[in-house]
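J.: Below is my_file24.cif; it holds mmCIF, C-alpha atoms and all ligand atoms.
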data_final
#
loop_
_atom_site.label_atom_id
_atom_site.label_comp_id
_atom_site.auth_asym_id
_atom_site.auth_seq_id
_atom_site.Cartn_x
_atom_site.Cartn_y
_atom_site.Cartn_z
CA MET A 186 0.00 0.00 0.00
CA PRO A 187 1.29 3.46 -0.76
CA ILE A 188 2.35 5.96 1.88
CA THR A 189 0.43 9.23 2.12
CA SER A 190 2.39 10.79 4.92
CA LEU A 191 5.79 10.03 6.31
CA LYS A 192 7.66 11.20 9.40
CA VAL A 193 11.29 10.35 9.96
CA ALA A 194 13.14 11.29 13.14
CA ASP A 195 16.85 10.82 13.86
CA PHE A 196 17.46 8.36 11.06
CA ARG A 197 20.96 8.74 9.50
CA ASN A 198 21.33 12.50 8.83
CA LEU A 199 17.55 13.06 8.86
CA ALA A 200 16.82 14.80 12.16
CA ALA A 201 13.15 15.55 11.50
CA VAL A 202 11.54 15.07 8.08
CA GLU A 203 7.85 15.25 7.23
CA LEU A 204 6.63 14.50 3.73
CA ALA A 205 3.32 14.05 1.97
CA PRO A 206 4.31 11.99 -1.06
CA TYR A 207 2.17 11.12 -4.07
CA ALA A 208 0.39 7.87 -3.46
CA HIS A 209 0.02 6.97 -7.14
CA GLY A 210 2.81 8.67 -8.95
CA LEU A 211 6.45 9.61 -8.97
CA ASN A 212 8.19 11.23 -6.02
CA LEU A 213 11.50 12.62 -7.11
CA ILE A 214 14.12 13.36 -4.47
CA CYS A 215 17.01 15.56 -5.54
CA GLY A 216 20.04 16.90 -3.75
CA LYS A 217 23.80 16.90 -3.63
CA ASN A 218 26.01 14.00 -2.55
CA GLY A 219 25.55 13.27 1.12
CA SER A 220 22.37 15.37 1.43
CA GLY A 221 20.10 12.51 2.60
CA LYS A 222 18.42 11.03 -0.48
CA THR A 223 19.32 7.38 0.01
CA SER A 224 18.67 7.76 3.73
CA LEU A 225 15.01 8.54 3.04
CA LEU A 226 14.60 5.46 0.84
CA GLU A 227 16.37 3.45 3.51
CA ALA A 228 13.89 4.70 6.12
CA ILE A 229 10.92 3.61 3.97
CA HIS A 230 12.62 0.26 3.36
CA TYR A 231 13.09 -0.17 7.10
CA LEU A 232 9.39 0.46 7.67
CA GLY A 233 8.42 -2.28 5.24
CA LEU A 234 11.10 -4.84 5.93
CA GLY A 235 12.47 -4.11 9.40
CA ARG A 236 15.99 -3.74 8.07
CA SER A 237 18.13 -1.48 5.95
CA PHE A 238 19.33 -2.28 2.44
CA ARG A 239 22.77 -0.85 3.28
CA SER A 240 23.68 -2.22 6.65
CA HIS A 241 22.76 -5.37 8.52
CA LEU A 242 23.45 -3.44 11.73
CA SER A 243 20.86 -1.05 13.08
CA THR A 244 23.07 1.22 15.20
CA PRO A 245 24.56 3.10 12.19
CA LEU A 246 21.00 4.03 11.24
CA ILE A 247 20.46 6.07 14.40
CA ARG A 248 21.47 9.68 13.91
CA GLN A 249 24.75 10.42 15.64
CA SER A 250 24.22 11.74 19.17
CA ALA A 251 20.56 10.63 19.15
CA ASP A 252 19.33 7.78 21.33
CA LYS A 253 16.86 6.26 18.88
CA PHE A 254 15.28 6.69 15.49
CA SER A 255 11.57 6.60 14.84
CA LEU A 256 9.60 6.23 11.64
CA TYR A 257 5.92 6.78 11.15
CA ALA A 258 3.71 6.56 8.09
CA GLN A 259 0.12 6.43 7.07
CA VAL A 260 -0.54 3.87 4.41
CA VAL A 261 -3.66 3.92 2.30
CA SER A 262 -5.59 0.72 1.68
CA GLU A 263 -7.42 -0.17 -1.54
CA THR A 264 -10.64 0.95 0.19
CA GLU A 265 -9.01 4.35 0.92
CA HIS A 266 -8.60 3.46 4.58
CA LEU A 267 -5.65 5.10 6.33
CA ILE A 268 -3.57 2.75 8.47
CA PRO A 269 -0.85 4.17 10.73
CA VAL A 270 2.38 2.16 10.90
CA GLY A 271 5.55 2.84 12.84
CA ALA A 272 8.98 1.53 13.71
CA GLU A 273 11.65 2.62 16.15
CA ARG A 274 14.94 1.37 17.45
CA ASP A 275 17.25 2.61 20.16
CA GLN A 276 21.00 2.44 20.85
CA GLN A 277 20.46 -0.48 23.23
CA GLY A 278 18.99 -2.51 20.37
CA SER A 279 15.40 -2.66 21.48
CA SER A 280 12.94 -2.10 18.68
CA LYS A 281 9.23 -1.58 18.28
CA LEU A 282 6.93 -2.12 15.34
CA ARG A 283 3.38 -0.82 15.32
CA VAL A 284 0.43 -1.30 13.01
CA ALA A 285 -2.89 0.48 13.53
CA GLY A 286 -1.98 1.48 17.08
CA LYS A 287 -0.91 -2.01 18.20
CA ASP A 288 2.57 -3.37 18.85
CA ILE A 289 3.36 -6.27 16.57
CA ALA A 290 5.85 -9.02 17.25
CA SER A 291 6.87 -9.93 13.73
CA ILE A 292 7.81 -7.88 10.71
CA THR A 293 5.66 -10.07 8.44
CA GLU A 294 2.53 -8.12 9.42
CA LEU A 295 4.15 -4.85 8.39
CA ALA A 296 5.70 -6.39 5.30
CA ALA A 297 2.29 -7.65 4.19
CA LEU A 298 0.99 -4.06 4.20
CA LEU A 299 4.00 -2.51 2.53
CA PRO A 300 5.31 -4.48 -0.43
CA ILE A 301 8.51 -2.69 -1.39
CA LEU A 302 10.68 -3.26 -4.44
CA THR A 303 14.10 -1.64 -4.41
CA ILE A 304 16.37 -0.87 -7.33
CA ASN A 305 19.80 0.36 -6.27
CA SER A 306 23.47 -0.37 -6.79
CA GLN A 307 23.17 -3.57 -4.75
CA SER A 308 20.55 -4.87 -7.17
CA HIS A 309 23.42 -5.92 -9.45
CA GLN A 310 23.91 -8.80 -7.04
CA LEU A 311 20.88 -10.36 -8.66
CA LEU A 312 23.03 -11.12 -11.69
CA GLU A 313 26.55 -10.98 -10.28
CA SER A 314 26.36 -12.77 -6.96
CA GLY A 315 25.41 -16.22 -5.78
CA PRO A 316 22.07 -18.04 -6.09
CA ALA A 317 20.87 -16.87 -2.64
CA PHE A 318 20.07 -13.45 -4.15
CA ARG A 319 17.98 -14.99 -6.92
CA ARG A 320 16.16 -17.27 -4.48
CA ARG A 321 15.37 -14.23 -2.32
CA TYR A 322 14.10 -12.45 -5.43
CA LEU A 323 11.70 -15.30 -6.26
CA ASP A 324 10.63 -15.76 -2.65
CA TRP A 325 9.70 -12.07 -2.38
CA GLY A 326 7.05 -12.62 -5.04
CA LEU A 327 5.86 -15.90 -3.52
CA PHE A 328 5.48 -14.30 -0.09
CA TYR A 329 3.01 -11.77 -1.50
CA GLN A 330 1.05 -13.79 -3.97
CA THR A 331 1.21 -17.52 -3.24
CA GLU A 332 -1.01 -18.74 -0.47
CA GLY A 333 0.73 -21.02 1.98
CA PHE A 334 4.24 -20.04 0.85
CA LEU A 335 5.45 -18.66 4.17
CA THR A 336 4.23 -21.66 6.18
CA CYS A 337 5.75 -24.06 3.68
CA TRP A 338 9.04 -22.16 3.62
CA ARG A 339 9.21 -22.14 7.45
CA HIS A 340 8.55 -25.89 7.62
CA TYR A 341 11.25 -26.49 5.04
CA GLU A 342 13.82 -24.30 6.82
CA ARG A 343 13.12 -26.01 10.14
CA ALA A 344 13.46 -29.49 8.66
CA LEU A 345 16.67 -28.45 6.91
CA LYS A 346 18.16 -27.11 10.12
CA GLN A 347 17.26 -30.19 12.16
CA ARG A 348 18.45 -32.57 9.47
CA ASN A 349 21.77 -30.74 9.16
CA VAL A 350 22.36 -30.96 12.92
CA LEU A 351 21.82 -34.73 12.81
CA LEU A 352 24.05 -35.14 9.74
CA ARG A 353 26.78 -33.02 11.30
CA GLU A 354 26.69 -35.04 14.51
CA ARG A 355 26.40 -38.32 12.57
CA ARG A 356 23.19 -39.18 14.43
CA LEU A 357 21.70 -41.25 11.65
CA ASN A 358 18.80 -42.65 13.63
CA ASN A 359 15.06 -42.75 13.02
CA GLU A 360 14.79 -39.06 13.73
CA ILE A 361 16.69 -38.18 10.57
CA HIS A 362 14.11 -40.07 8.48
CA VAL A 363 11.36 -37.99 10.01
CA TRP A 364 13.16 -34.77 9.00
CA THR A 365 14.07 -36.15 5.57
CA ASN A 366 10.40 -36.88 4.89
CA GLU A 367 9.43 -33.43 6.14
CA LEU A 368 12.09 -31.89 3.92
CA ILE A 369 10.87 -33.80 0.88
CA LYS A 370 7.23 -32.95 1.52
CA HIS A 371 7.78 -29.20 1.84
CA GLY A 372 10.68 -29.12 -0.61
CA VAL A 373 8.53 -30.51 -3.41
CA LEU A 374 5.76 -28.02 -2.60
CA LEU A 375 8.23 -25.12 -2.55
CA ASP A 376 9.70 -26.25 -5.84
CA ASN A 377 6.26 -26.34 -7.46
CA MET A 378 5.41 -22.88 -6.12
CA ARG A 379 8.65 -21.42 -7.47
CA ARG A 380 8.21 -23.10 -10.88
CA GLU A 381 4.71 -21.78 -11.21
CA TYR A 382 5.85 -18.28 -10.21
CA VAL A 383 8.72 -18.27 -12.72
CA ALA A 384 6.33 -19.43 -15.46
CA GLN A 385 4.12 -16.41 -14.77
CA LEU A 386 7.00 -14.00 -14.36
CA LEU A 387 9.10 -14.87 -17.37
CA PRO A 388 6.83 -13.55 -20.16
CA LEU A 389 6.52 -10.25 -18.26
CA ILE A 390 10.28 -9.94 -17.82
CA LEU A 391 10.80 -10.52 -21.53
CA THR A 392 8.14 -7.97 -22.52
CA ILE A 393 9.58 -5.27 -20.26
CA ALA A 394 13.17 -6.06 -21.23
CA ALA A 395 12.20 -5.67 -24.89
CA ARG A 396 10.89 -2.18 -24.11
CA LEU A 397 14.02 -1.19 -22.22
CA MET A 398 16.74 -2.63 -24.38
CA ASP A 399 17.59 -4.18 -27.68
CA LEU A 400 18.66 -7.63 -26.66
CA SER A 401 17.77 -10.94 -28.23
CA GLU A 402 17.68 -14.43 -26.78
CA ILE A 403 17.20 -13.81 -23.08
CA GLU A 404 16.72 -17.15 -21.35
CA MET A 405 15.85 -17.74 -17.72
CA GLU A 406 15.55 -21.21 -16.32
CA TYR A 407 14.62 -22.20 -12.81
CA GLN A 408 16.88 -24.89 -11.37
CA SER A 409 15.38 -26.85 -8.52
CA GLY A 410 18.49 -27.51 -6.47
CA TRP A 411 18.66 -31.16 -7.52
CA ASP A 412 18.55 -33.03 -10.78
CA ASN A 413 14.79 -33.12 -10.97
CA ARG A 414 14.62 -35.87 -13.53
CA ASP A 415 14.70 -37.84 -10.29
CA GLU A 416 12.42 -37.43 -7.32
CA LEU A 417 13.96 -35.73 -4.30
CA ALA A 418 13.47 -38.90 -2.23
CA VAL A 419 15.50 -40.92 -4.75
CA VAL A 420 18.24 -38.27 -4.75
CA PHE A 421 18.56 -38.41 -0.96
CA LYS A 422 18.77 -42.21 -1.02
CA ARG A 423 21.44 -42.16 -3.71
CA HIS A 424 23.60 -39.57 -1.96
CA GLU A 425 23.21 -40.80 1.62
CA ALA A 426 26.92 -41.58 1.93
CA ASP A 427 27.99 -38.16 0.54
CA GLU A 428 25.70 -36.27 2.89
CA THR A 429 26.92 -38.25 5.90
CA ARG A 430 30.53 -37.62 4.92
CA LEU A 431 30.03 -33.88 4.36
CA GLY A 432 27.61 -33.40 7.25
CA HIS A 433 24.92 -31.33 5.57
CA THR A 434 22.00 -31.52 3.14
CA LEU A 435 23.29 -31.33 -0.41
CA PHE A 436 20.08 -31.13 -2.40
CA GLY A 437 16.78 -29.30 -2.26
CA PRO A 438 15.18 -25.87 -2.82
CA HIS A 439 17.81 -24.24 -0.57
CA ARG A 440 20.20 -24.93 -3.46
CA ALA A 441 17.89 -23.62 -6.19
CA ASP A 442 18.87 -20.96 -8.70
CA LEU A 443 17.54 -18.95 -11.58
CA ASP A 444 19.91 -19.38 -14.48
CA ILE A 445 20.01 -16.23 -16.62
CA LYS A 446 21.61 -16.40 -20.04
CA ILE A 447 21.86 -14.10 -23.03
CA GLN A 448 22.55 -15.80 -26.34
CA GLY A 449 23.69 -18.84 -24.43
CA VAL A 450 26.17 -16.93 -22.21
CA SER A 451 25.72 -16.20 -18.51
CA ALA A 452 24.24 -12.67 -18.17
CA LYS A 453 26.94 -11.48 -15.78
CA HIS A 454 29.64 -12.29 -18.34
CA PHE A 455 27.74 -10.97 -21.34
CA LEU A 456 26.02 -7.72 -20.40
CA SER A 457 27.50 -4.25 -19.99
CA ARG A 458 26.95 -2.52 -16.67
CA GLY A 459 24.08 -0.40 -18.02
CA GLN A 460 22.49 -3.40 -19.74
CA GLN A 461 22.71 -5.30 -16.46
CA LYS A 462 20.89 -2.49 -14.73
CA LEU A 463 18.15 -2.50 -17.39
CA LEU A 464 17.67 -6.27 -17.18
CA ILE A 465 17.49 -6.03 -13.39
CA CYS A 466 14.90 -3.26 -13.70
CA ALA A 467 12.89 -5.51 -16.04
CA MET A 468 13.07 -8.36 -13.52
CA ILE A 469 11.98 -6.17 -10.63
CA LEU A 470 9.26 -4.32 -12.52
CA ALA A 471 7.89 -7.65 -13.73
CA GLN A 472 7.48 -8.74 -10.11
CA GLY A 473 5.60 -5.56 -9.30
CA MET A 474 3.36 -5.86 -12.35
CA LEU A 475 2.58 -9.49 -11.59
CA LEU A 476 1.73 -8.66 -8.00
CA SER A 477 -0.57 -5.86 -9.17
CA THR A 478 -2.54 -8.33 -11.27
CA HIS A 479 -3.09 -10.52 -8.18
CA LYS A 480 -3.66 -7.88 -5.52
CA GLU A 481 -5.08 -4.41 -5.60
CA GLN A 482 -3.26 -3.11 -2.55
CA GLY A 483 -0.50 -1.35 -4.52
CA LEU A 484 3.21 -1.42 -3.91
CA ILE A 485 6.12 0.96 -3.50
CA TYR A 486 9.17 1.19 -5.75
CA LEU A 487 12.35 2.70 -4.35
CA VAL A 488 14.76 3.58 -7.14
CA ASP A 489 18.03 4.95 -5.80
CA ASP A 490 20.11 7.04 -8.18
CA LEU A 491 18.02 6.19 -11.23
CA PRO A 492 20.23 8.07 -13.73
CA SER A 493 23.44 6.27 -12.82
CA GLU A 494 24.81 3.96 -15.54
CA LEU A 495 21.98 4.81 -17.93
CA ASP A 496 22.09 6.88 -21.11
CA PRO A 497 19.33 9.50 -21.63
CA VAL A 498 17.23 7.23 -23.87
CA SER A 499 17.32 4.28 -21.45
CA ARG A 500 16.60 6.65 -18.58
CA GLN A 501 13.48 7.99 -20.28
CA LYS A 502 12.26 4.49 -21.13
CA LEU A 503 12.63 3.45 -17.50
CA ILE A 504 10.87 6.56 -16.22
CA LEU A 505 7.99 5.99 -18.64
CA LEU A 506 7.61 2.40 -17.44
CA LEU A 507 7.62 3.52 -13.81
CA LYS A 508 4.98 6.16 -14.56
CA GLU A 509 2.77 3.54 -16.20
CA GLN A 510 2.74 1.42 -13.03
CA LYS A 511 0.15 3.74 -11.43
CA THR A 512 1.68 2.98 -8.09
CA GLN A 513 3.94 4.84 -5.70
CA VAL A 514 7.50 5.39 -6.86
CA PHE A 515 10.35 7.14 -5.04
CA ILE A 516 13.27 8.07 -7.25
CA THR A 517 16.47 9.76 -6.19
CA ALA A 518 18.81 11.70 -8.45
CA ILE A 519 21.40 14.37 -7.89
CA GLU A 520 19.77 16.75 -10.36
CA SER A 521 16.05 16.89 -11.08
CA ASN A 522 16.47 17.84 -14.75
CA LEU A 523 17.69 14.31 -15.53
CA ILE A 524 14.24 13.00 -14.63
CA TYR A 525 11.83 15.90 -14.60
CA ASP A 526 11.14 18.45 -17.27
CA PRO A 527 9.19 21.41 -15.78
CA VAL A 528 7.61 22.19 -19.19
CA ASN A 529 6.64 18.72 -20.48
CA ASP A 530 5.89 17.28 -17.07
CA LYS A 531 3.66 20.15 -15.97
CA GLY A 532 0.51 18.72 -14.43
CA ALA A 533 1.88 15.15 -14.44
CA PRO A 534 1.64 13.22 -11.18
CA ILE A 535 5.18 14.01 -10.10
CA LYS A 536 6.21 15.57 -6.84
CA VAL A 537 9.70 16.94 -6.56
CA PHE A 538 11.50 17.21 -3.23
CA HIS A 539 14.81 18.89 -2.64
CA VAL A 540 17.04 17.88 0.23
CA GLU A 541 19.97 19.72 1.71
CA HIS A 542 21.84 18.56 4.83
CA GLY A 543 18.92 16.30 5.74
CA ALA A 544 16.28 19.06 5.43
CA TYR A 545 13.50 18.35 2.92
CA GLN A 546 11.60 20.90 0.93
CA THR A 547 8.71 20.23 -1.49
CA LEU A 548 9.33 21.96 -4.82
CA THR A 549 6.22 20.98 -6.83
N1 LIG A 601 24.07 7.68 11.81
C1 LIG A 601 24.28 8.81 11.14
N2 LIG A 601 24.14 10.01 11.74
C2 LIG A 601 24.34 11.15 11.07
N3 LIG A 601 24.67 11.19 9.77
C3 LIG A 601 24.82 10.04 9.11
C4 LIG A 601 24.63 8.78 9.76
N4 LIG A 601 24.85 7.80 8.84
C5 LIG A 601 25.16 8.42 7.70
N5 LIG A 601 25.15 9.76 7.85
C6 LIG A 601 25.39 10.81 6.84
O1 LIG A 601 24.16 11.03 6.17
C7 LIG A 601 24.44 11.72 4.96
C8 LIG A 601 23.42 11.33 3.93
O2 LIG A 601 23.72 10.10 3.36
P1 LIG A 601 22.94 9.57 2.11
O3 LIG A 601 23.54 8.25 1.75
O4 LIG A 601 21.48 9.61 2.35
O5 LIG A 601 23.31 10.65 1.00
P2 LIG A 601 22.80 10.79 -0.49
O6 LIG A 601 22.03 12.05 -0.59
O7 LIG A 601 22.12 9.55 -0.93
O8 LIG A 601 24.18 10.98 -1.26
P3 LIG A 601 24.75 10.42 -2.66
O9 LIG A 601 24.27 11.33 -3.74
O10 LIG A 601 26.23 10.52 -2.49
O11 LIG A 601 24.28 9.02 -2.82
C9 LIG A 601 25.89 11.43 4.64
O12 LIG A 601 26.63 12.62 4.73
C10 LIG A 601 26.32 10.45 5.72
O13 LIG A 601 27.65 10.62 6.09
MG MG A 602 22.72 8.06 -2.24
#
Can you dump the structure from the file as structure tokens?
T.:
Amino acid sequence: MPITSLKVADFRNLAAVELAPYAHGLNLICGKNGSGKTSLLEAIHYLGLGRSFRSHLSTPLIRQSADKFSLYAQVVSETEHLIPVGAERDQQGSSKLRVAGKDIASITELAALLPILTINSQSHQLLESGPAFRRRYLDWGLFYQTEGFLTCWRHYERALKQRNVLLRERRLNNEIHVWTNELIKHGVLLDNMRREYVAQLLPLILTIAARLMDLSEIEMEYQSGWDNRDELAVVFKRHEADETRLGHTLFGPHRADLDIKIQGVSAKHFLSRGQQKLLICAMILAQGMLLSTHKEQGLIYLVDDLPSELDPVSRQKLILLLKEQKTQVFITAIESNLIYDPVNDKGAPIKVFHVEHGAYQTLT
């Protein structure tokens, strides 16, 4: 759901910021290096996911010399209902999350209200880094649109953990069979969910990629994490000795990947930096578009430093696509004229904010 009002206190260099962003349009944040653009996106990200996209530690997020940061927003539901949400964290590490005036114990409740898709310099990891990033990418979509995913994923993770303990300690008793069966049951379900999701996602990725770039023969193939010509149960039987020797589970959805190739070559070895960014944007936008066809609640895109690595034509194509989403988008850029044209964009649903030393000002 989009945010209609946002208050940020003592987060990074943002001492006290209040904004009323566009709920269904572009919000452009401009300012010099170090002014506080990324920090604002990071604050919104924290509200939706309970963590930063820059640091796994929370202390660096608290403004220096402050004791805690606090974030507050009103999100608007598809029935135009306003729901207050909040998060805070202090130097001692205690944190609070609130939805509609009540403390909540788990971030999943907040995450369910605030689906957030982020495009920033770390997004390159989707192509460049290990399979964990691509699994996380797929699981983001499954969390929001596949019923039963979270429960299934939790069962699988628990079985995996228990089974690995027994393998590590060489306790190959009856208990391990119980966890193996549990792993197979939920692993097969998880695999089916991911396959189905990729099948829906792929045509969208290809359509968007074709609009953003001139690139032929993009292939994406989901790999289960085992040779799935065989059933998972058969694979475990066959590799029992290997798993006992190595002391952990060698096959299953925790080893899955999304293989991305261009003209038969791995995308990370084939694409230029800018092309990588465009393909990543296509992948992320496809997730958002797919989610919008399943749920009306609306989502939030955070696009940090949109102009970087992109030529003017690619930039404009990406902005046009973001505008077409009819959902809330936050974009940062050092200069507004790279994104916003005061003559042509007059009257368009774009709000422009300028930030200087952590102080925000609404320009349009
Ligand atoms: N805990 C903190 N307390 C105070 N200031 C901080 C804290 N953490 C980071 N900063 C400062 O906040 C400022 C804003 O950082 P931010 O990353 O938001 O800048 P930016 O506008 O995105 O810049 P750029 O254009 O270089 O990406 C920086 O000067 C940074 O040093
Ligand atoms: Mg920045």
J.: Per residue of chain A within 8 Å of ligand MG 602 (chain A), which atom pair is closest and at what distance in Å (one decimal), using only C-alpha atoms and all ligand atoms, listed by chain and increasing number, as a tab-separated table?
T.:
residue	atom	partner	partner_atom	distance
A:Asn218	CA	A:MG602	MG	6.8
A:Gly219	CA	A:MG602	MG	6.8
A:Gly221	CA	A:MG602	MG	7.1
A:Lys222	CA	A:MG602	MG	5.5
A:Thr223	CA	A:MG602	MG	4.1
A:Ser224	CA	A:MG602	MG	7.2
A:Asp489	CA	A:MG602	MG	6.7
A:Asp490	CA	A:MG602	MG	6.6
A:Thr517	CA	A:MG602	MG	7.6
J.: Could you give me, as number ranges by chain, every polymer residue with an atom at most 8 Å away from an atom of ligand LIG 601 (chain A), counting only C-alpha atoms and all ligand atoms?
T.: A: 195-199, 215-225, 244-250, 489-490, 517-519, 540, 542-543
J.: Can you list every residue of segment 442-483 of chain A that has an atom at most 10 Å from segment 297-308 of chain A, with its nearest atom pair and the distance in Å to one decimal, using all atoms listed in the file, ordered by chain then number, as JSON lines?
T.:
{"residue": "A:Gln461", "atom": "CA", "partner": "A:Ser308", "partner_atom": "CA", "distance": 9.5}
{"residue": "A:Lys462", "atom": "CA", "partner": "A:Ser308", "partner_atom": "CA", "distance": 7.9}
{"residue": "A:Ile465", "atom": "CA", "partner": "A:Ser308", "partner_atom": "CA", "distance": 7.0}
{"residue": "A:Cys466", "atom": "CA", "partner": "A:Ile304", "partner_atom": "CA", "distance": 7.0}
{"residue": "A:Ile469", "atom": "CA", "partner": "A:Leu302", "partner_atom": "CA", "distance": 7.0}
{"residue": "A:Leu470", "atom": "CA", "partner": "A:Leu302", "partner_atom": "CA", "distance": 8.3}
{"residue": "A:Gln472", "atom": "CA", "partner": "A:Leu302", "partner_atom": "CA", "distance": 8.5}
{"residue": "A:Gly473", "atom": "CA", "partner": "A:Leu302", "partner_atom": "CA", "distance": 7.4}
{"residue": "A:Leu476", "atom": "CA", "partner": "A:Pro300", "partner_atom": "CA", "distance": 9.4}
{"residue": "A:Gln482", "atom": "CA", "partner": "A:Leu298", "partner_atom": "CA", "distance": 8.0}
{"residue": "A:Gly483", "atom": "CA", "partner": "A:Pro300", "partner_atom": "CA", "distance": 7.8}
J.: At what distance in Å, to one decimal, does atom CA of Leu232 of chain A lie from atom CA of Glu273 of chain A?
T.: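 Spanning atom CA of Glu273 of chain A to atom CA of Leu232 of chain A is a straight-line distance of 9.0 Å.
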J.: The residues within 12 Å of (3.2, 2.0, 0.4), using only C-alpha atoms and the coordinates of the file, should be reported as a VMD selection string; which are they?
T.: chain A and resid 186 to 191 206 to 210 226 229 to 230 232 to 234 258 to 263 267 to 270 295 to 302 482 to 487 512 to 515
J.: Quick one: everything within 12 Å of Ala395 of chain A, counting only C-alpha atoms, minus sequence neighbours fewer than 4 positions away in the same chain. Send it as a PyMOL selection string.
T.: chain A and resi 388-391+399-403+460+463-464+466-468+499+502-503+506
J.: Using all atoms listed in the file, which of A:Gln408, A:Lys370, A:Asn212, A:Val202 sits nearest Ala228 of chain A?
T.: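 Ranking A:Gln408, A:Lys370, A:Asn212, A:Val202 by distance to Ala228 of chain A, first place goes to A:Val202.
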J.: For atom CA of Phe421 of chain A and atom CA of Leu375 of chain A, quote the distance in Å rounded to one decimal.
T.: 16.9 Å
J.: Which residues, written as a VMD selection string, have at least one atom at most 12 Å from Leu386 of chain A, with all atoms listed in the file counted and residues fewer than 6 positions away on the same chain left out?
T.: chain A and resid 322 to 323 326 to 327 330 379 to 380 392 to 393 405 to 407 443 467 to 476 478
J.: Extending 5 Å beyond the listed atoms of segment 361-364 of chain A on each side, what axis-aligned box results? I want centre and edge lengths in Å to one decimal, as AutoDock Vina command-line options.
T.:
--center_x 14.0 --center_y -37.4 --center_z 9.5 --size_x 15.3 --size_y 15.3 --size_z 12.1
J.: Using all atoms listed in the file for the distances, tell me which of A:Gly286, A:His309, A:Ser237, A:Lys192 is nearest to Tyr257 of chain A.
T.: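 Comparing A:Gly286, A:His309, A:Ser237, A:Lys192 against Tyr257 of chain A, the winner is A:Lys192.
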J.: Nearest to Arg320 of chain A: which of A:Tyr231, A:Phe238, A:Trp364, A:Tyr382 is it, counting all atoms listed in the file?
T.: A:Tyr382
